[in-house]
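Chemist: upload.txt is the file, holding compact mmCIF, C-alpha atoms:
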```
# COMPACT_ATOMS: atom_id res chain seq x y z
CA MET A 1 -60.77 44.46 19.47
CA SER A 2 -64.58 44.54 19.34
CA GLU A 3 -64.41 48.23 20.30
CA PHE A 4 -62.21 48.89 17.25
CA PHE A 5 -64.85 47.57 14.85
CA LYS A 6 -67.46 49.85 16.44
CA LEU A 7 -65.47 52.94 15.49
CA ASP A 8 -66.24 55.14 12.51
CA ARG A 9 -64.83 53.63 9.31
CA ASN A 10 -62.67 56.67 8.66
CA ILE A 11 -60.90 56.11 12.00
CA GLN A 12 -60.33 52.46 11.18
CA LEU A 13 -58.92 53.39 7.77
CA ARG A 14 -56.74 56.09 9.30
CA MET A 15 -55.15 53.53 11.60
CA VAL A 16 -54.41 51.30 8.62
CA ILE A 17 -52.86 54.22 6.75
CA MET A 18 -50.91 55.23 9.85
CA PHE A 19 -49.54 51.72 10.23
CA ILE A 20 -48.36 51.64 6.62
CA THR A 21 -46.86 55.15 6.48
CA ILE A 22 -45.06 54.92 9.84
CA ALA A 23 -43.75 51.43 9.09
CA ILE A 24 -42.27 52.49 5.75
CA GLY A 25 -40.95 55.72 7.24
CA SER A 26 -39.29 53.85 10.10
CA SER A 27 -37.75 51.32 7.74
CA VAL A 28 -35.82 53.89 5.70
CA GLY A 29 -35.84 57.22 7.59
CA PRO A 30 -33.17 56.55 10.26
CA ASN A 31 -30.92 54.81 7.72
CA MET A 32 -30.99 57.69 5.24
CA THR A 33 -28.66 59.72 7.47
CA ILE A 34 -26.00 57.06 6.95
CA TYR A 35 -26.80 57.07 3.20
CA TYR A 36 -26.41 60.85 2.92
CA VAL A 37 -23.18 60.90 4.92
CA ALA A 38 -21.71 58.32 2.56
CA TYR A 39 -22.46 60.44 -0.50
CA PHE A 40 -22.44 64.05 0.75
CA GLY A 41 -20.31 64.02 3.91
CA ALA A 42 -21.37 64.81 7.47
CA GLY A 43 -21.36 68.62 7.09
CA ILE A 44 -23.65 68.76 4.06
CA THR A 45 -25.86 66.03 5.52
CA GLY A 46 -26.48 68.12 8.64
CA ILE A 47 -27.60 71.07 6.51
CA LEU A 48 -29.84 68.85 4.37
CA LEU A 49 -31.53 67.33 7.42
CA VAL A 50 -32.24 70.78 8.88
CA PHE A 51 -33.69 71.84 5.51
CA VAL A 52 -35.98 68.80 5.50
CA GLN A 53 -37.24 69.65 9.01
CA VAL A 54 -37.91 73.27 8.07
CA ALA A 55 -39.74 72.21 4.89
CA GLY A 56 -41.86 69.75 6.89
CA PHE A 57 -42.61 72.43 9.48
CA ILE A 58 -43.89 74.85 6.81
CA ALA A 59 -45.85 72.10 5.02
CA GLY A 60 -47.59 71.19 8.29
CA LEU A 61 -48.70 74.76 8.90
CA TYR A 62 -49.96 75.13 5.33
CA GLY A 63 -51.70 71.75 5.42
CA GLY A 64 -53.45 72.67 8.66
CA HIS A 65 -54.83 75.85 7.08
CA LEU A 66 -56.01 74.09 3.92
CA ALA A 67 -57.67 71.31 5.94
CA ASP A 68 -60.16 73.98 7.08
CA VAL A 69 -60.49 75.44 3.57
CA TRP A 70 -60.44 72.47 1.19
CA GLY A 71 -61.67 69.83 3.62
CA ARG A 72 -59.81 66.86 5.09
CA LYS A 73 -59.83 64.37 2.22
CA ARG A 74 -58.42 66.67 -0.45
CA VAL A 75 -55.47 67.63 1.75
CA MET A 76 -54.85 63.97 2.61
CA LEU A 77 -54.93 63.03 -1.07
CA SER A 78 -52.47 65.80 -1.94
CA GLY A 79 -50.07 64.97 0.90
CA ILE A 80 -50.13 61.18 0.57
CA GLY A 81 -49.94 61.55 -3.22
CA ALA A 82 -46.76 63.61 -2.83
CA MET A 83 -45.41 61.00 -0.42
CA ALA A 84 -46.09 58.21 -2.94
CA VAL A 85 -44.38 60.14 -5.73
CA GLY A 86 -41.41 60.92 -3.48
CA TYR A 87 -40.87 57.30 -2.43
CA THR A 88 -41.25 56.15 -6.05
CA ILE A 89 -38.56 58.63 -7.16
CA ALA A 90 -36.24 57.47 -4.36
CA ALA A 91 -36.75 53.83 -5.33
CA THR A 92 -36.08 54.33 -9.04
CA MET A 93 -32.92 56.30 -8.23
CA ASN A 94 -31.44 53.38 -6.27
CA SER A 95 -31.76 50.50 -8.70
CA PRO A 96 -28.92 48.01 -9.26
CA MET A 97 -28.26 49.74 -12.60
CA TYR A 98 -28.32 53.39 -11.53
CA ILE A 99 -27.91 55.36 -8.29
CA ASN A 100 -28.43 59.12 -7.99
CA PRO A 101 -28.20 60.41 -4.37
CA TYR A 102 -29.17 63.96 -5.38
CA VAL A 103 -32.50 62.95 -6.90
CA THR A 104 -32.92 60.47 -4.03
CA PHE A 105 -32.72 63.36 -1.58
CA PHE A 106 -35.36 65.25 -3.56
CA GLY A 107 -37.61 62.18 -3.45
CA PHE A 108 -37.33 61.85 0.32
CA LEU A 109 -37.81 65.60 0.74
CA LEU A 110 -41.03 65.37 -1.26
CA ALA A 111 -42.18 62.37 0.81
CA THR A 112 -41.47 64.18 4.09
CA VAL A 113 -43.26 67.33 2.93
CA GLY A 114 -46.22 65.22 1.82
CA MET A 115 -46.50 63.44 5.17
CA SER A 116 -46.25 66.73 7.08
CA PHE A 117 -48.81 68.36 4.78
CA ALA A 118 -51.35 65.55 5.31
CA SER A 119 -50.83 65.11 9.06
CA PRO A 120 -53.06 67.97 10.36
CA ALA A 121 -55.91 66.89 8.07
CA GLU A 122 -55.60 63.30 9.30
CA GLU A 123 -55.81 64.40 12.91
CA ALA A 124 -58.66 66.79 12.15
CA MET A 125 -60.60 63.99 10.45
CA MET A 126 -60.17 61.80 13.52
CA ILE A 127 -61.49 64.57 15.79
CA ASP A 128 -64.44 65.19 13.44
CA VAL A 129 -65.77 61.66 13.83
CA SER A 130 -64.80 60.86 17.42
CA THR A 131 -66.51 61.75 20.69
CA LEU A 132 -65.35 62.68 24.16
CA LYS A 133 -66.42 59.22 25.28
CA ASN A 134 -64.38 57.15 22.82
CA ARG A 135 -61.48 59.51 22.14
CA LYS A 136 -59.20 58.16 24.88
CA PHE A 137 -59.62 54.62 23.53
CA ILE A 138 -58.93 55.84 19.99
CA TYR A 139 -55.71 57.59 20.97
CA ALA A 140 -54.59 54.56 22.96
CA MET A 141 -55.25 52.36 19.93
CA MET A 142 -53.39 54.76 17.66
CA TYR A 143 -50.42 54.81 20.00
CA TRP A 144 -50.37 51.02 19.99
CA VAL A 145 -50.43 51.03 16.18
CA ILE A 146 -47.60 53.58 16.06
CA ASN A 147 -45.33 51.51 18.30
CA LEU A 148 -46.09 48.27 16.47
CA SER A 149 -45.38 49.87 13.09
CA VAL A 150 -42.16 51.48 14.34
CA MET A 151 -40.98 48.12 15.70
CA ILE A 152 -41.72 46.34 12.41
CA GLY A 153 -40.35 49.15 10.25
CA ALA A 154 -37.13 49.48 12.23
CA ALA A 155 -36.58 45.72 12.04
CA LEU A 156 -37.10 45.70 8.27
CA GLY A 157 -34.80 48.68 7.79
CA GLY A 158 -32.05 47.30 9.98
CA TRP A 159 -32.19 43.96 8.19
CA PHE A 160 -32.59 44.99 4.54
CA PHE A 161 -31.41 48.60 4.05
CA LYS A 162 -27.77 47.71 3.47
CA THR A 163 -28.21 44.40 1.63
CA ALA A 164 -31.49 44.95 -0.28
CA ARG A 165 -31.98 48.72 -0.39
CA PHE A 166 -33.65 48.81 -3.81
CA GLU A 167 -36.21 46.16 -2.86
CA LEU A 168 -36.88 47.91 0.47
CA LEU A 169 -37.45 51.25 -1.27
CA ILE A 170 -39.76 49.58 -3.79
CA GLY A 171 -41.70 48.28 -0.80
CA THR A 172 -42.00 51.80 0.67
CA ALA A 173 -43.28 53.13 -2.65
CA ILE A 174 -45.87 50.34 -2.87
CA GLY A 175 -46.95 51.00 0.72
CA ALA A 176 -47.43 54.71 -0.01
CA ILE A 177 -49.43 53.93 -3.17
CA ILE A 178 -51.67 51.54 -1.19
CA SER A 179 -52.30 54.33 1.37
CA LEU A 180 -53.19 56.71 -1.47
CA ILE A 181 -55.65 54.20 -2.94
CA ILE A 182 -57.29 53.71 0.48
CA VAL A 183 -57.83 57.46 0.85
CA MET A 184 -58.99 57.85 -2.74
CA ILE A 185 -61.57 55.03 -2.72
CA TRP A 186 -62.72 54.41 0.86
CA VAL A 187 -62.08 57.49 3.02
CA THR A 188 -65.00 59.94 3.06
CA GLU A 189 -64.98 63.66 3.75
CA THR A 190 -65.84 64.47 7.38
CA PHE A 191 -65.68 68.28 7.43
CA GLN A 192 -69.03 69.86 6.68
CA LYS A 193 -69.03 72.39 3.86
CA GLU A 194 -70.87 75.01 5.91
CA LYS A 195 -68.03 74.99 8.48
CA ARG A 196 -65.25 75.53 5.96
CA GLN A 197 -63.33 78.77 6.19
CA ASN A 198 -63.96 81.25 3.40
CA THR A 199 -60.34 82.32 3.17
CA GLY A 200 -57.69 82.17 0.47
CA GLN A 201 -54.64 80.00 0.07
CA SER A 202 -51.85 82.57 0.11
CA VAL A 203 -49.15 82.86 2.76
CA LEU A 204 -50.93 85.92 4.16
CA ASP A 205 -54.16 83.93 4.46
CA VAL A 206 -52.30 81.18 6.31
CA LEU A 207 -50.86 83.71 8.77
CA LYS A 208 -54.30 85.22 9.32
CA SER A 209 -55.82 81.81 10.06
CA TYR A 210 -53.20 81.10 12.72
CA ARG A 211 -53.91 84.44 14.38
CA THR A 212 -56.97 82.78 15.91
CA VAL A 213 -54.78 80.21 17.62
CA PHE A 214 -52.46 82.87 19.03
CA SER A 215 -55.44 84.66 20.57
CA ASP A 216 -56.62 81.46 22.30
CA GLN A 217 -54.91 81.71 25.70
CA ARG A 218 -56.19 78.33 26.84
CA TYR A 219 -54.71 76.50 23.86
CA LEU A 220 -51.44 78.43 24.08
CA LYS A 221 -51.06 77.32 27.69
CA PHE A 222 -51.66 73.74 26.62
CA MET A 223 -49.04 74.13 23.87
CA VAL A 224 -46.51 75.37 26.43
CA ALA A 225 -47.25 72.18 28.36
CA GLY A 226 -46.79 70.30 25.11
CA VAL A 227 -43.35 71.77 24.54
CA GLY A 228 -42.35 70.58 28.01
CA ALA A 229 -43.69 67.12 27.17
CA VAL A 230 -41.60 67.03 23.96
CA VAL A 231 -38.48 67.86 26.00
CA ILE A 232 -39.31 64.85 28.19
CA PHE A 233 -40.06 62.20 25.57
CA SER A 234 -37.23 63.28 23.25
CA SER A 235 -34.66 62.67 26.00
CA PRO A 236 -33.53 59.30 24.57
CA ASP A 237 -32.59 60.99 21.30
CA TYR A 238 -30.58 63.73 23.00
CA TYR A 239 -29.07 63.89 26.49
CA LEU A 240 -29.78 60.31 27.56
CA ALA A 241 -28.00 58.98 24.47
CA ALA A 242 -24.93 61.13 25.21
CA HIS A 243 -25.00 60.27 28.92
CA LEU A 244 -25.10 56.51 28.34
CA ALA A 245 -22.42 56.66 25.65
CA GLU A 246 -20.05 58.43 28.06
CA THR A 247 -20.74 56.93 31.49
CA PHE A 248 -22.54 53.57 31.19
CA HIS A 249 -20.75 50.67 32.88
CA SER A 250 -20.54 47.94 30.24
CA VAL A 251 -21.92 44.57 31.32
CA THR A 252 -22.59 41.15 29.83
CA VAL A 253 -26.21 39.97 29.98
CA LEU A 254 -27.19 36.53 28.63
CA GLY A 255 -23.86 36.36 26.86
CA ILE A 256 -24.35 39.71 25.10
CA GLN A 257 -22.12 42.66 25.87
CA ILE A 258 -24.19 45.73 26.70
CA PHE A 259 -22.43 49.09 26.32
CA GLY A 260 -23.86 52.63 26.21
CA GLN A 261 -25.44 52.60 22.76
CA ARG A 262 -26.84 49.12 23.28
CA MET A 263 -28.30 50.12 26.64
CA LEU A 264 -30.24 52.85 24.85
CA SER A 265 -31.53 50.20 22.44
CA VAL A 266 -32.50 47.99 25.39
CA ILE A 267 -34.51 50.86 26.89
CA THR A 268 -36.23 51.44 23.53
CA ILE A 269 -37.03 47.73 23.13
CA VAL A 270 -38.46 47.50 26.67
CA ASN A 271 -40.57 50.59 25.97
CA THR A 272 -41.90 49.37 22.63
CA VAL A 273 -42.60 45.78 23.67
CA MET A 274 -44.44 46.88 26.82
CA ILE A 275 -46.63 49.29 24.83
CA VAL A 276 -47.45 46.68 22.18
CA LEU A 277 -48.31 44.02 24.78
CA LEU A 278 -49.89 46.09 27.57
CA MET A 279 -51.42 49.25 26.07
CA GLY A 280 -54.94 47.79 25.94
CA THR A 281 -54.75 46.54 29.51
CA MET A 282 -53.40 49.86 30.81
CA THR A 283 -56.12 51.81 29.00
CA LYS A 284 -58.83 49.73 30.69
CA LEU A 285 -57.07 49.89 34.06
CA PHE A 286 -57.02 53.70 34.08
CA SER A 287 -60.24 54.30 32.12
CA ASN A 288 -61.98 55.80 35.19
CA TRP A 289 -59.29 58.43 35.69
CA SER A 290 -60.04 61.91 34.39
CA ASN A 291 -57.87 63.15 31.53
CA LEU A 292 -56.33 65.75 33.85
CA LYS A 293 -55.41 63.23 36.56
CA ALA A 294 -53.96 60.76 34.04
CA SER A 295 -51.99 63.52 32.31
CA LEU A 296 -50.48 64.92 35.51
CA VAL A 297 -49.59 61.51 36.97
CA GLY A 298 -48.23 60.23 33.65
CA ILE A 299 -46.11 63.33 33.03
CA ALA A 300 -44.72 63.16 36.58
CA ILE A 301 -43.77 59.48 36.26
CA GLN A 302 -42.25 59.83 32.82
CA GLY A 303 -40.35 63.06 33.51
CA SER A 304 -38.95 61.97 36.88
CA SER A 305 -37.94 58.59 35.44
CA PHE A 306 -35.93 60.15 32.63
CA ALA A 307 -34.35 62.59 35.10
CA LEU A 308 -33.32 59.63 37.26
CA MET A 309 -31.85 57.92 34.20
CA PHE A 310 -29.60 60.96 33.73
CA LEU A 311 -27.98 59.99 37.05
CA LEU A 312 -27.74 56.22 36.53
CA ASN A 313 -25.09 54.24 34.71
CA ASP A 314 -25.73 50.57 35.58
CA PHE A 315 -27.84 48.04 33.66
CA TRP A 316 -30.43 46.82 36.16
CA PRO A 317 -31.36 50.19 37.70
CA LEU A 318 -31.81 51.62 34.18
CA PHE A 319 -33.81 48.56 33.12
CA ILE A 320 -36.19 48.92 36.09
CA VAL A 321 -36.63 52.67 35.54
CA ALA A 322 -37.36 51.97 31.84
CA ILE A 323 -40.31 49.83 32.93
CA VAL A 324 -41.58 52.57 35.26
CA LEU A 325 -41.32 55.36 32.67
CA THR A 326 -43.17 53.23 30.11
CA ILE A 327 -46.04 52.84 32.58
CA GLY A 328 -46.14 56.63 32.87
CA GLU A 329 -46.09 56.96 29.09
CA MET A 330 -49.03 54.57 28.67
CA ILE A 331 -51.01 56.52 31.28
CA VAL A 332 -50.35 59.99 29.86
CA THR A 333 -50.50 59.51 26.08
CA PRO A 334 -54.21 58.81 25.40
CA ALA A 335 -55.36 61.21 28.12
CA ASN A 336 -53.14 64.07 26.99
CA GLN A 337 -54.04 63.68 23.34
CA SER A 338 -57.72 63.58 24.23
CA LEU A 339 -57.29 66.84 26.14
CA ARG A 340 -55.57 68.42 23.16
CA ALA A 341 -58.50 67.56 20.89
CA GLU A 342 -60.92 68.93 23.50
CA MET A 343 -58.98 72.21 23.71
CA MET A 344 -59.35 72.94 19.99
CA ASN A 345 -61.83 75.28 18.34
CA GLN A 346 -63.99 72.66 16.61
CA ASN A 347 -64.53 74.94 13.60
CA LYS A 348 -60.77 75.27 13.00
CA VAL A 349 -59.41 71.87 13.94
CA GLY A 350 -57.08 71.79 10.94
CA VAL A 351 -55.34 75.03 11.92
CA TYR A 352 -55.11 73.95 15.56
CA SER A 353 -53.66 70.58 14.53
CA GLY A 354 -51.11 72.31 12.31
CA PHE A 355 -50.06 74.64 15.12
CA SER A 356 -49.76 71.70 17.53
CA ALA A 357 -47.38 69.94 15.17
CA ALA A 358 -45.41 73.15 14.64
CA THR A 359 -44.59 73.49 18.35
CA ARG A 360 -42.72 70.17 18.44
CA PRO A 361 -39.48 71.46 16.87
CA LEU A 362 -39.20 73.97 19.74
CA GLY A 363 -39.24 71.09 22.22
CA TYR A 364 -36.55 69.28 20.22
CA ILE A 365 -34.38 72.40 20.22
CA LEU A 366 -34.71 72.78 24.00
CA SER A 367 -33.97 69.10 24.50
CA SER A 368 -30.84 69.31 22.36
CA GLY A 369 -29.85 72.43 24.33
CA ILE A 370 -29.59 70.31 27.48
CA VAL A 371 -26.83 68.37 25.73
CA SER A 372 -24.92 71.57 24.98
CA ILE A 373 -25.07 73.08 28.46
CA SER A 374 -24.49 69.76 30.23
CA ILE A 375 -20.78 70.52 29.82
CA PHE A 376 -21.23 73.23 32.46
CA ILE A 377 -24.01 71.82 34.67
CA GLY A 378 -23.20 68.09 34.62
CA HIS A 379 -25.59 65.16 35.02
CA ILE A 380 -27.29 66.58 38.11
CA GLY A 381 -27.92 69.90 36.38
CA ALA A 382 -29.35 68.11 33.32
CA ALA A 383 -31.66 66.08 35.58
CA ILE A 384 -32.82 69.25 37.34
CA LEU A 385 -33.58 70.93 34.00
CA LEU A 386 -35.66 67.95 32.94
CA LEU A 387 -37.56 68.11 36.21
CA VAL A 388 -38.19 71.81 35.54
CA ALA A 389 -39.58 70.90 32.09
CA THR A 390 -41.73 68.27 33.79
CA GLY A 391 -43.06 70.81 36.30
CA VAL A 392 -43.78 73.33 33.53
CA SER A 393 -45.68 70.71 31.54
CA MET A 394 -47.77 69.69 34.56
CA TRP A 395 -48.50 73.26 35.66
CA PHE A 396 -49.56 74.57 32.26
CA THR A 397 -51.65 71.45 31.63
CA TYR A 398 -53.48 72.17 34.88
CA LEU A 399 -53.99 75.85 34.00
CA ALA A 400 -55.36 74.99 30.56
CA VAL A 401 -57.81 72.45 31.96
CA VAL A 402 -58.99 74.93 34.60
CA MET A 403 -59.74 77.43 31.83
CA LEU A 404 -61.54 74.70 29.88
CA ARG A 405 -63.74 73.87 32.87
CA GLU A 406 -64.48 77.54 33.53
CA ASN A 407 -65.54 77.98 29.90
CA ARG A 408 -67.95 75.06 30.22
CA THR A 409 -69.68 76.57 33.25
CA LYS A 410 -70.34 79.89 31.50
```
Please lay out the structure from this file as structure tokens.
Modeler:
Amino acid sequence: MSEFFKLDRNIQLRMVIMFITIAIGSSVGPNMTIYYVAYFGAGITGILLVFVQVAGFIAGLYGGHLADVWGRKRVMLSGIGAMAVGYTIAATMNSPMYINPYVTFFGFLLATVGMSFASPAEEAMMIDVSTLKNRKFIYAMMYWVINLSVMIGAALGGWFFKTARFELLIGTAIGAIISLIIVMIWVTETFQKEKRQNTGQSVLDVLKSYRTVFSDQRYLKFMVAGVGAVVIFSSPDYYLAAHLAETFHSVTVLGIQIFGQRMLSVITIVNTVMIVLLMGTMTKLFSNWSNLKASLVGIAIQGSSFALMFLLNDFWPLFIVAIVLTIGEMIVTPANQSLRAEMMNQNKVGVYSGFSAATRPLGYILSSGIVSISIFIGHIGAAILLLVATGVSMWFTYLAVVMLRENRTK
């Protein structure tokens, strides 16, 4: 903890903001699908959720561009301000006296767009004030904060969303407003004026700014590796969930019946609790490993573990593999994120951060595609595809780091 207090104040404040925003997002986000289905039906809800993802994708790209034009703080203020307004609208539209699901959807859309808009600037600010020496620790700390906030937020949402929705939504609005106040009063600008891009704010200007990223072969290779990594870590949301629901052998553990869906929850709980309790220890244990070594080993452990899970259907083997994959996740996450920051053009960190976020939906699409074609290839085929994604991620990570090292020697 002493290392945390030695960090730049902006990093400390960003972790506080991250804890608040992720906790409130986790408390209501997953439950809103059930809310929308109840009012709009499953078909319309699916369309609305896709629309929200597309809007967030575009907002992230635009926010990344403006982070290099306006500076970090102004973009964060705009995005978190929109998030606060969105959550406030959603709360007021779900009072005991009046409920309007249509305006509620608009409120959550605005909140999602605001978070996506601010995200590249938040990451760029962190990179501005961190160093190669402390970056791995910072990312490990951030990952710990993320998991702790998700655990708390999910618990609050599961407990209160149905019985005290209005009060829960009021809490999310207050949390967003607190985050806005923190940015407004205490966060300072970290992007030097002389480095800011002298470009406009139109769609054409945004496209021109991202042309730099597309010409950076090293970063593109690392993004290909990133897409493979997304396919790996999104497995619980896609094929693994379907696999366990269909094939898991129900069992009673400590008097509790565990079936497919609950086994997925058990895996998630094991993962989250281990990260919250052991992330600091694991970071120190592997601190002497290079970012490349930690990334390759971590990806291999995590990817092969999920592939093995695609073939398992009994409690204890899945439980043990869940422990192993979490170890891989704790090894790879800080190292890989540190590499990503190192790969970026330091004069256009906002744009690079926006592009990094924009590649994630592609990984989600590929991961969901495994579910679709599993009808034809079965569990073994799905496991092989995940191993291919693992190999692609490892190989392109290696190629990108080789190019980074060659550039340093020039």
Chemist: Counting all atoms listed in the file, which of A:Thr88, A:Asn31, A:Thr326, A:Thr359 gets nearest to Thr272 of chain A?
Modeler: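 Using all atoms listed in the file, the shortest distance to Thr272 of chain A belongs to A:Thr326.
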Chemist: Counting all atoms listed in the file, which residue out of A:Gly157, A:Asn345, A:Glu329, A:Leu110 sits closest to Ala23 of chain A?
Modeler: A:Gly157
Chemist: What does the distance between atom CA of Ala118 of chain A and atom CA of Arg211 of chain A come to in Å, to one decimal place?
Modeler: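 Going from atom CA of Ala118 of chain A over to atom CA of Arg211 of chain A covers 21.1 Å.
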Chemist: Hey, which bits of segment 145-246 of chain A sit within 12 Å of segment 123-132 of chain A, and for each residue what's the closest pair of atoms and how far apart in Å (one decimal), counting all atoms listed in the file, rows by chain and increasing number, as a Markdown table?
Modeler:
```
| residue | atom | partner | partner_atom | distance |
| --- | --- | --- | --- | --- |
| A:Val183 | CA | A:Met125 | CA | 11.9 |
| A:Val187 | CA | A:Met125 | CA | 10.0 |
| A:Thr188 | CA | A:Met125 | CA | 9.5 |
| A:Glu189 | CA | A:Met125 | CA | 8.0 |
| A:Thr190 | CA | A:Met125 | CA | 6.1 |
| A:Phe191 | CA | A:Asp128 | CA | 6.9 |
| A:Gln192 | CA | A:Asp128 | CA | 9.4 |
| A:Lys195 | CA | A:Asp128 | CA | 11.6 |
```
Chemist: Taking (-38.4, 69.8, -1.9) as a centre in this file's frame and 10 Å as the limit, can you find every polymer residue with an atom that close, using all atoms listed in the file, and give them as a ChimeraX atom specification?
Modeler: /A:51-52,55-56,86,105-114
Chemist: Work out how far atom CA of Met15 of chain A is from atom CA of Gly280 of chain A, in Å to one decimal.
Modeler: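 It comes out at 15.4 Å.
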Chemist: List the spatial neighbours of Val28 of chain A as a PyMOL selection string - criterion: any atom at most 9 Å away, only C-alpha atoms, same-chain residues fewer than 3 positions off excluded.
Modeler: chain A and resi 23-25+31-32+153-154+156-158+161+165+168-169+172
Chemist: Pick out the closest residue to Val213 of chain A from this set: A:Ile20, A:Ile80, A:Met343, A:Ile377. Count all atoms listed in the file.
Modeler: A:Met343
Chemist: Find, counting only C-alpha atoms, the residue in A:Arg14, A:Lys136, A:Arg360, A:His379 that gets nearest to Ser295 of chain A.
Modeler: A:Lys136
Chemist: Counting all atoms listed in the file, which of A:Val150, A:Val297, A:Ala382, A:Leu13 gets nearest to Ala242 of chain A?
Modeler: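 Among the listed residues, the smallest separation from Ala242 of chain A belongs to A:Ala382.
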Chemist: What does the distance between atom CA of Phe117 of chain A and atom CA of Ile181 of chain A come to in Å, to one decimal place?
Modeler: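 That distance, rounded to one decimal, is 17.5 Å.
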Chemist: Just the residues within 10 Å of Val392 of chain A, please, counting only C-alpha atoms, with nothing from its chain fewer than 5 positions along; format it as a PDB file with C-alpha atoms, keeping the file's coordinate frame.
Modeler:
```
ATOM      1  CA  VAL A 224     -46.510  75.370  26.430  1.00  0.00           C
ATOM      2  CA  ALA A 225     -47.250  72.180  28.360  1.00  0.00           C
ATOM      3  CA  GLY A 226     -46.790  70.300  25.110  1.00  0.00           C
ATOM      4  CA  VAL A 227     -43.350  71.770  24.540  1.00  0.00           C
ATOM      5  CA  GLY A 228     -42.350  70.580  28.010  1.00  0.00           C
ATOM      6  CA  ALA A 229     -43.690  67.120  27.170  1.00  0.00           C
ATOM      7  CA  LEU A 386     -35.660  67.950  32.940  1.00  0.00           C
ATOM      8  CA  LEU A 387     -37.560  68.110  36.210  1.00  0.00           C
ATOM      9  CA  THR A 397     -51.650  71.450  31.630  1.00  0.00           C
ATOM     10  CA  TYR A 398     -53.480  72.170  34.880  1.00  0.00           C
TER      11      TYR A 398
END
```
Chemist: For Leu277 of chain A, list every protein, DNA or RNA residue within 10 Å, evaluated using only C-alpha atoms, and leave out those in the same chain fewer than 4 positions away; present the list as JSON, numbers by chain.
Modeler: {"A": [144, 148, 272, 273, 281, 282]}
Chemist: Given the choices A:Leu404, A:Leu385, A:Ala300, A:Ala176, which gets closest to Glu342 of chain A if the distance is worked out from only C-alpha atoms?
Modeler: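 Once distances to Glu342 of chain A are computed over only C-alpha atoms, the minimum belongs to A:Leu404.
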Chemist: What's the 9 Å shell around Leu311 of chain A, counting only C-alpha atoms, without same-chain residues fewer than 6 positions away, as a PyMOL selection string?
Modeler: chain A and resi 243+379-380+383
Chemist: The residues within 7 Å of (-26.4, 49.7, 28.5), using only C-alpha atoms and the coordinates of the file, should be reported as a list in words; which are they?
Modeler: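 Taken together, the residues in range are Leu244, Phe248, Ser250, Ile258, Phe259, Gly260, Gln261, Arg262, Met263, Leu264 and Phe315 of chain A.
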